[in-house]
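Reproduced below: my_file-v2.txt, with compact mmCIF, C-alpha atoms.
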```
# COMPACT_ATOMS: atom_id res chain seq x y z
CA MET A 1 0.00 0.00 0.00
CA SER A 2 1.47 3.36 -1.02
CA GLN A 3 1.49 6.33 1.30
CA HIS A 4 -1.18 8.01 -0.79
CA ASP A 5 -3.47 4.97 -0.52
CA LEU A 6 -2.75 4.80 3.17
CA GLU A 7 -3.83 8.40 3.65
CA THR A 8 -7.00 7.82 1.64
CA THR A 9 -7.84 4.75 3.72
CA LEU A 10 -7.23 6.55 6.99
CA ARG A 11 -9.42 9.48 5.94
CA ALA A 12 -12.22 7.12 5.06
CA VAL A 13 -12.35 5.63 8.55
CA ARG A 14 -12.72 8.87 10.41
CA PRO A 15 -14.22 8.02 13.82
CA VAL A 16 -17.73 9.26 14.50
CA ALA A 17 -18.91 9.99 18.04
CA PRO A 18 -21.38 7.36 19.28
CA PRO A 19 -24.95 8.57 19.93
CA GLU A 20 -24.57 8.26 23.73
CA LEU A 21 -21.58 10.59 23.66
CA ARG A 22 -23.44 13.02 21.44
CA GLU A 23 -26.29 13.14 23.96
CA ARG A 24 -23.83 13.58 26.81
CA VAL A 25 -22.15 16.53 25.10
CA ARG A 26 -25.52 18.08 24.22
CA ALA A 27 -26.49 17.90 27.88
CA ILE A 28 -23.25 19.66 28.79
CA ALA A 29 -23.82 22.36 26.16
CA GLU A 30 -27.34 23.03 27.46
CA ARG A 31 -26.05 23.85 30.93
CA PRO A 32 -25.73 27.51 31.78
CA ALA A 33 -22.17 28.75 31.57
CA PRO A 34 -20.67 28.94 35.06
CA ALA A 35 -20.02 32.36 36.54
CA ARG A 36 -16.70 33.79 35.44
CA ARG A 37 -14.05 33.79 38.06
CA LEU A 38 -11.05 36.07 38.15
CA GLY A 39 -8.34 34.06 36.51
CA GLY A 40 -5.33 34.22 34.23
CA TRP A 41 -3.71 37.63 34.19
CA ARG A 42 -6.60 39.24 36.11
CA ARG A 43 -5.87 37.45 39.37
CA PRO A 44 -2.35 38.89 39.91
CA LEU A 45 -3.67 42.25 38.72
CA ALA A 46 -6.41 42.18 41.34
CA ILE A 47 -3.75 41.79 44.01
CA ALA A 48 -1.14 44.09 42.50
CA VAL A 49 -3.35 47.14 41.93
CA PRO A 50 -4.58 47.62 45.53
CA LEU A 51 -1.08 46.82 46.78
CA ALA A 52 0.44 49.48 44.53
CA ALA A 53 -2.22 51.98 45.61
CA ALA A 54 -1.51 51.29 49.29
CA LEU A 55 2.22 51.65 48.69
CA ALA A 56 1.73 54.92 46.82
CA ALA A 57 -0.48 56.27 49.64
CA ALA A 58 2.15 55.32 52.21
CA LEU A 59 4.90 57.05 50.22
CA VAL A 60 2.80 60.19 49.82
CA ALA A 61 2.11 60.20 53.57
CA VAL A 62 5.81 59.86 54.38
CA PHE A 63 6.89 62.65 52.02
CA THR A 64 4.06 64.97 53.02
CA GLY A 65 4.99 64.48 56.66
CA GLN A 66 8.61 65.36 55.95
CA ASN A 67 7.89 68.52 54.00
CA GLY A 68 4.75 69.76 55.70
CA SER A 69 5.39 69.29 59.39
CA ARG A 70 9.12 69.19 59.61
CA PRO A 71 10.28 70.16 63.10
CA GLU A 72 12.24 73.35 63.65
CA VAL A 73 15.96 72.81 63.53
CA SER A 74 17.56 73.87 66.77
CA PRO A 75 20.52 76.28 66.74
CA ALA A 76 22.71 73.49 68.06
CA ALA A 77 21.73 71.31 65.17
CA LYS A 78 22.41 74.17 62.76
CA SER A 79 26.00 74.38 63.89
CA ALA A 80 26.50 70.65 63.36
CA PRO A 81 26.06 69.91 59.67
CA HIS A 82 25.40 66.28 58.57
CA ARG A 83 24.38 65.39 62.07
CA LYS A 84 21.68 62.77 62.33
CA SER A 85 18.32 64.02 63.54
CA ALA A 86 17.55 63.10 67.11
CA ALA A 87 13.81 63.24 66.47
CA PRO A 88 12.26 59.90 67.42
CA GLY A 89 11.36 57.73 64.47
CA ARG A 90 13.33 59.85 62.01
CA SER A 91 16.68 58.76 60.69
CA TYR A 92 17.24 61.02 57.69
CA LEU A 93 20.34 63.18 57.42
CA GLN A 94 19.83 66.89 57.89
CA ALA A 95 21.18 69.09 55.10
CA PRO A 96 24.06 71.31 56.20
CA SER A 97 22.77 74.76 57.20
CA PRO A 98 24.09 77.61 55.03
CA VAL A 99 27.24 79.30 56.39
CA THR A 100 26.62 82.89 57.53
CA PRO A 101 29.09 85.69 56.58
CA GLU A 102 30.14 85.84 60.24
CA GLN A 103 30.91 82.11 60.34
CA ALA A 104 32.88 82.45 57.09
CA VAL A 105 35.01 85.25 58.57
CA VAL A 106 35.69 83.30 61.77
CA GLY A 107 36.57 80.16 59.78
CA THR A 108 38.97 82.03 57.51
CA ALA A 109 40.60 83.81 60.48
CA ARG A 110 41.15 80.54 62.32
CA ALA A 111 42.65 78.99 59.19
CA LEU A 112 45.25 81.78 59.21
CA GLY A 113 46.05 81.32 62.92
CA GLY A 114 43.81 84.14 64.09
CA THR A 115 41.44 84.29 67.05
CA VAL A 116 38.32 86.28 67.84
CA VAL A 117 39.09 88.93 70.43
CA SER A 118 35.63 90.49 70.67
CA ARG A 119 32.26 90.57 68.96
CA ARG A 120 29.88 93.51 68.80
CA VAL A 121 26.45 93.51 67.30
CA LEU A 122 25.56 96.71 65.45
CA ALA A 123 22.30 97.79 63.80
CA HIS A 124 22.90 96.11 60.43
CA ALA A 125 26.25 94.43 60.94
CA VAL A 126 28.42 92.45 63.29
CA GLU A 127 31.87 93.79 64.15
CA LEU A 128 34.57 91.27 64.91
CA ARG A 129 37.98 92.10 66.33
CA LEU A 130 40.40 89.44 65.21
CA SER A 131 43.96 88.96 66.45
CA PHE A 132 46.52 87.60 63.95
CA PRO A 133 50.17 86.63 64.41
CA GLN A 134 52.56 89.20 63.04
CA GLY A 135 52.98 89.03 59.28
CA LYS A 136 49.58 87.36 58.77
CA ALA A 137 47.38 90.44 59.06
CA ARG A 138 47.85 91.66 55.49
CA GLU A 139 47.01 88.28 53.97
CA ALA A 140 44.05 87.95 56.33
CA MET A 141 42.72 91.36 55.30
CA THR A 142 42.87 90.42 51.60
CA ARG A 143 41.08 87.13 52.12
CA LEU A 144 38.51 88.52 54.53
CA ALA A 145 37.68 91.39 52.18
CA ALA A 146 36.99 88.87 49.40
CA LEU A 147 34.37 87.03 51.46
CA PRO A 148 30.75 87.66 50.57
CA GLY A 149 29.00 89.68 53.26
CA THR A 150 32.15 91.51 54.39
CA VAL A 151 31.29 95.20 54.68
CA ARG A 152 34.53 96.64 55.95
CA VAL A 153 38.05 95.52 56.98
CA ASP A 154 40.43 97.68 59.06
CA LEU A 155 43.85 97.13 60.53
CA THR A 156 44.32 98.67 63.95
CA PRO A 157 47.69 99.59 65.42
CA HIS A 158 49.67 97.10 67.52
CA ASP A 159 48.16 96.46 70.85
CA ALA A 160 50.58 93.63 71.62
CA ARG A 161 54.17 92.97 70.63
CA ASP A 162 53.59 89.95 68.46
CA ALA A 163 50.00 90.33 67.12
CA ASP A 164 47.96 92.55 64.76
CA ILE A 165 44.28 93.34 65.26
CA VAL A 166 41.99 93.33 62.26
CA VAL A 167 38.49 94.73 62.64
CA VAL A 168 35.96 93.22 60.26
CA ARG A 169 32.35 94.22 59.81
CA VAL A 170 30.02 91.74 58.20
CA SER A 171 26.39 92.09 57.30
CA ARG A 172 23.89 90.48 59.65
CA PRO A 173 21.75 87.68 58.25
CA MET B 1 -15.11 36.55 21.48
CA THR B 2 -17.30 34.83 18.89
CA ASP B 3 -20.76 34.94 17.39
CA MET B 4 -20.99 31.13 17.49
CA SER B 5 -22.69 29.73 20.58
CA PHE B 6 -21.03 27.04 22.61
CA ALA B 7 -23.82 24.57 21.74
CA GLN B 8 -23.24 25.18 18.02
CA ALA B 9 -19.50 24.70 18.38
CA ALA B 10 -20.01 21.50 20.37
CA GLU B 11 -22.41 20.07 17.80
CA ARG B 12 -20.19 20.99 14.88
CA HIS B 13 -16.85 19.74 16.27
CA LEU B 14 -17.82 16.79 18.43
CA ASP B 15 -16.68 14.21 15.85
CA ASP B 16 -13.37 16.01 15.38
CA VAL B 17 -12.61 16.06 19.09
CA TYR B 18 -13.72 12.48 19.60
CA GLY B 19 -11.81 11.29 16.51
CA TYR B 20 -8.65 13.03 17.61
CA LEU B 21 -8.88 11.59 21.12
CA ALA B 22 -9.69 8.11 19.86
CA TRP B 23 -6.57 8.11 17.73
CA PHE B 24 -4.42 9.75 20.37
CA THR B 25 -5.39 7.46 23.25
CA GLY B 26 -5.96 4.38 21.11
CA ASP B 27 -8.96 3.58 23.26
CA ARG B 28 -12.47 4.58 22.22
CA VAL B 29 -13.96 4.22 25.69
CA VAL B 30 -11.31 6.49 27.21
CA ALA B 31 -11.77 8.84 24.25
CA GLU B 32 -15.48 9.14 25.04
CA ASP B 33 -14.78 10.14 28.65
CA LEU B 34 -12.07 12.56 27.64
CA THR B 35 -14.33 14.09 24.97
CA ALA B 36 -17.03 14.76 27.56
CA GLU B 37 -14.40 16.22 29.88
CA THR B 38 -13.09 18.42 27.06
CA PHE B 39 -16.54 19.89 26.45
CA GLU B 40 -17.11 20.39 30.18
CA ARG B 41 -13.92 22.42 30.37
CA ALA B 42 -14.68 24.18 27.10
CA LEU B 43 -18.02 25.37 28.51
CA ARG B 44 -16.22 26.87 31.53
CA LEU B 45 -13.63 28.57 29.33
CA TRP B 46 -15.84 29.53 26.40
CA HIS B 47 -15.64 33.24 27.31
CA ARG B 48 -11.91 33.07 26.62
CA PHE B 49 -12.27 31.69 23.11
CA ASP B 50 -11.29 34.29 20.52
CA GLU B 51 -12.16 33.49 16.91
CA GLN B 52 -9.51 35.91 15.71
CA ARG B 53 -6.79 33.77 17.25
CA GLY B 54 -7.90 30.47 15.76
CA SER B 55 -10.93 28.37 14.88
CA ALA B 56 -13.16 26.72 17.46
CA ARG B 57 -11.98 23.35 16.16
CA THR B 58 -8.33 24.22 16.86
CA TRP B 59 -9.19 25.60 20.28
CA LEU B 60 -11.19 22.48 21.20
CA CYS B 61 -8.40 20.20 19.96
CA GLN B 62 -5.90 22.11 22.10
CA LEU B 63 -8.12 21.64 25.14
CA ALA B 64 -8.60 17.96 24.27
CA ARG B 65 -4.85 17.49 24.03
CA THR B 66 -4.27 19.04 27.46
CA ILE B 67 -6.91 16.77 28.95
CA ALA B 68 -5.47 13.69 27.19
CA LEU B 69 -1.96 14.48 28.45
CA ASP B 70 -3.32 14.87 31.99
CA HIS B 71 -5.00 11.51 31.53
CA PHE B 72 -1.76 9.88 30.38
CA ARG B 73 0.10 11.30 33.35
CA SER B 74 -2.45 10.10 35.88
CA GLU B 75 -2.62 6.75 34.13
CA ARG B 76 1.14 6.35 34.36
CA ARG B 77 0.96 7.14 38.07
CA ARG B 78 -1.81 4.62 38.53
CA LEU B 79 0.10 1.93 36.65
CA ARG B 80 3.21 2.55 38.70
CA ARG B 81 1.18 2.43 41.86
CA GLU B 82 -0.39 -0.87 40.92
CA GLU B 83 2.86 -2.28 39.53
CA ARG B 84 1.22 -3.08 36.28
CA ALA B 85 3.52 -1.08 34.07
CA ALA B 86 5.09 -4.20 32.61
CA GLN B 87 1.78 -5.55 31.37
CA PRO B 88 1.11 -4.89 27.69
CA GLU B 89 -1.76 -2.58 26.79
CA ARG B 90 -4.92 -4.37 25.75
CA TYR B 91 -7.44 -2.95 23.37
CA ASP B 92 -10.73 -4.76 23.07
CA GLU B 93 -12.26 -2.44 20.53
CA PRO B 94 -10.90 -1.39 17.15
CA LEU B 95 -9.46 2.11 16.82
CA ALA B 96 -12.04 3.01 14.20
CA GLU B 97 -14.77 1.19 12.28
CA GLY B 98 -13.78 -0.03 8.84
CA LEU B 99 -10.07 -0.56 9.43
CA SER B 100 -8.57 -3.77 8.07
CA PRO B 101 -7.06 -6.05 10.76
CA GLU B 102 -3.58 -5.46 9.25
CA LEU B 103 -3.94 -1.68 9.40
CA GLU B 104 -5.43 -1.88 12.87
CA SER B 105 -2.48 -3.90 14.21
CA ALA B 106 0.01 -1.69 12.36
CA LEU B 107 -1.54 1.38 13.99
CA ARG B 108 -1.20 -0.25 17.40
CA VAL B 109 2.56 -0.37 16.88
CA LEU B 110 2.70 3.43 16.56
CA THR B 111 3.23 5.55 19.63
CA ALA B 112 0.48 7.84 20.92
CA GLY B 113 2.42 10.82 19.52
CA GLU B 114 2.60 9.25 16.07
CA ARG B 115 -1.09 8.33 16.06
CA GLU B 116 -1.88 11.85 17.26
CA VAL B 117 -0.16 13.56 14.34
CA ILE B 118 -1.88 11.22 11.86
CA ALA B 119 -5.22 11.99 13.50
CA LEU B 120 -4.75 15.74 13.20
CA ARG B 121 -3.15 15.96 9.77
CA ILE B 122 -4.90 13.12 7.92
CA VAL B 123 -8.07 12.13 9.73
CA LEU B 124 -9.14 15.67 10.75
CA GLU B 125 -7.34 17.18 7.74
CA LEU B 126 -5.90 20.09 9.66
CA ASP B 127 -3.22 22.04 7.80
CA ALA B 128 0.37 21.73 9.05
CA ALA B 129 0.38 25.10 10.83
CA THR B 130 -2.86 24.41 12.73
CA ALA B 131 -1.83 20.88 13.68
CA ALA B 132 1.53 22.22 14.85
CA ARG B 133 -0.30 24.78 16.97
CA VAL B 134 -2.39 22.08 18.62
CA LEU B 135 0.72 19.99 19.27
CA GLY B 136 2.73 22.97 20.49
CA ILE B 137 5.56 22.31 18.03
CA SER B 138 6.90 24.00 14.90
CA THR B 139 5.33 23.39 11.51
CA THR B 140 8.52 21.75 10.25
CA ASN B 141 8.59 19.47 13.28
CA CYS B 142 4.96 18.55 12.70
CA THR B 143 5.60 17.69 9.05
CA THR B 144 8.64 15.60 9.96
CA ARG B 145 6.71 13.78 12.66
CA LEU B 146 3.91 12.96 10.23
CA ALA B 147 6.33 11.69 7.56
CA ARG B 148 8.03 9.41 10.10
CA ALA B 149 4.71 8.11 11.41
CA LEU B 150 3.45 7.29 7.92
CA LYS B 151 6.74 5.63 6.99
CA LYS B 152 6.61 3.50 10.11
CA LEU B 153 3.00 2.56 9.37
CA GLU B 154 3.91 1.64 5.80
CA GLU B 155 6.80 -0.51 6.99
CA GLU B 156 4.57 -2.29 9.52
CA LEU B 157 2.04 -3.05 6.79
CA HIS B 158 4.83 -4.27 4.50
CA VAL B 159 6.11 -6.62 7.22
CA ALA B 160 2.58 -7.89 7.87
CA ALA B 161 2.08 -8.57 4.17
```
Encoded form (structure tokens):
Amino acid sequence: MSQHDLETTLRAVRPVAPPELRERVRAIAERPAPARRLGGWRRPLAIAVPLAAALAAALVAVFTGQNGSRPEVSPAAKSAPHRKSAAPGRSYLQAPSPVTPEQAVVGTARALGGTVVSRRVLAHAVELRLSFPQGKAREAMTRLAALPGTVRVDLTPHDARDADIVVVRVSRP
Amino acid sequence: MTDMSFAQAAERHLDDVYGYLAWFTGDRVVAEDLTAETFERALRLWHRFDEQRGSARTWLCQLARTIALDHFRSERRRLRREERAAQPERYDEPLAEGLSPELESALRVLTAGEREVIALRIVLELDAATAARVLGISTTNCTTRLARALKKLEEELHVAA
């Protein structure tokens, strides 16, 4: 028997469902379709969507709380940049507070070996009397004058054998 | 979705599903049960059937195949459990009416997979792409499988003659 004959023979003997099976399937087909259940891709979606919504709400609450009702930063905290907040339940890093002109002057003076002799608060400025080792006063005056917020820089006569006094006025914040 | 009702689809494709399962399982009684099971499941899943993605016949054959494979798996487990795996399969009824005894015995030599591809491509006359889709294999693979099955069948008939 050739393959062609074989195929023809096989096609001719196509099985036909017996009458009992036909009745059985008809009975199945007459049943009402069962109620659709959440399945396939809908089931994970039904879980994921409320979960994502809850997560988003939690994130919004956290960020709103940080920006809207952030506690006042104490002066002590202001002088300690990058210090961790001591507020209970909060562990974020505080941003460094901006350096005032006065702090910049004091920092620069200390870097040059100077010290603050006195501090006087005026109407719109702060006057600082700074003592520098001999030979450092001129350099200090140049650098202090270049600082933003410096209003005036003066060199006073010697009041000690080995130190110069520089008077600096800076604008008040 | 489709304009065809489930009852219409069941009426129209019952012989196809039964024929496919009879060839695949090699047992007409089992095929009857699996056919009924296929239509039970098809009724539950009818809302998922999309005519644009394939015909109802293809969809029903895919369901029938899944059910038949589940049947084979559970049957293997049962045979192992009962330690009857070594016993040869016995078929009391012919695969289909009108087959010669030689062809019937030659078909019994084929594996379920080989009978399955003959059922889809020759008995149900599905094209290669559709049959491949039902089988979950490539079209080339389907064609090769059919050629091998027919060659084996031819050889068995030649030996019998």
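The residue that comes closest to His47 of chain B, out of A:Gly149, A:Pro34, A:Pro101, A:Pro133 and on the basis of only C-alpha atoms, is A:Pro34.
In this model, the gap between atom CA of Arg12 of chain B and atom CA of Glu7 of chain A comes to 23.5 Å.
One distance worth recording is that between atom CA of Asp127 of chain B and atom CA of Thr140 of chain B, which is 12.0 Å.
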Quick one: which residues from chain A are at most 6 Å off chain B, using only C-alpha atoms, as number ranges by chain? A: 11, 13-17, 25, 29
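Of note, atom CA of Ile165 of chain A and atom CA of Gly107 of chain A are spaced 16.2 Å apart.
For the point (35.8, 92.3, 56.4), the residues with at least one atom inside 8 Å, counting all atoms listed in the file, are A:Val105, A:Met141, A:Leu144, A:Ala145, A:Ala146, A:Leu147, A:Gly149, A:Thr150, A:Val151, A:Arg152, A:Val153, A:Asp154, A:Val167, A:Val168, A:Arg169, A:Val170.
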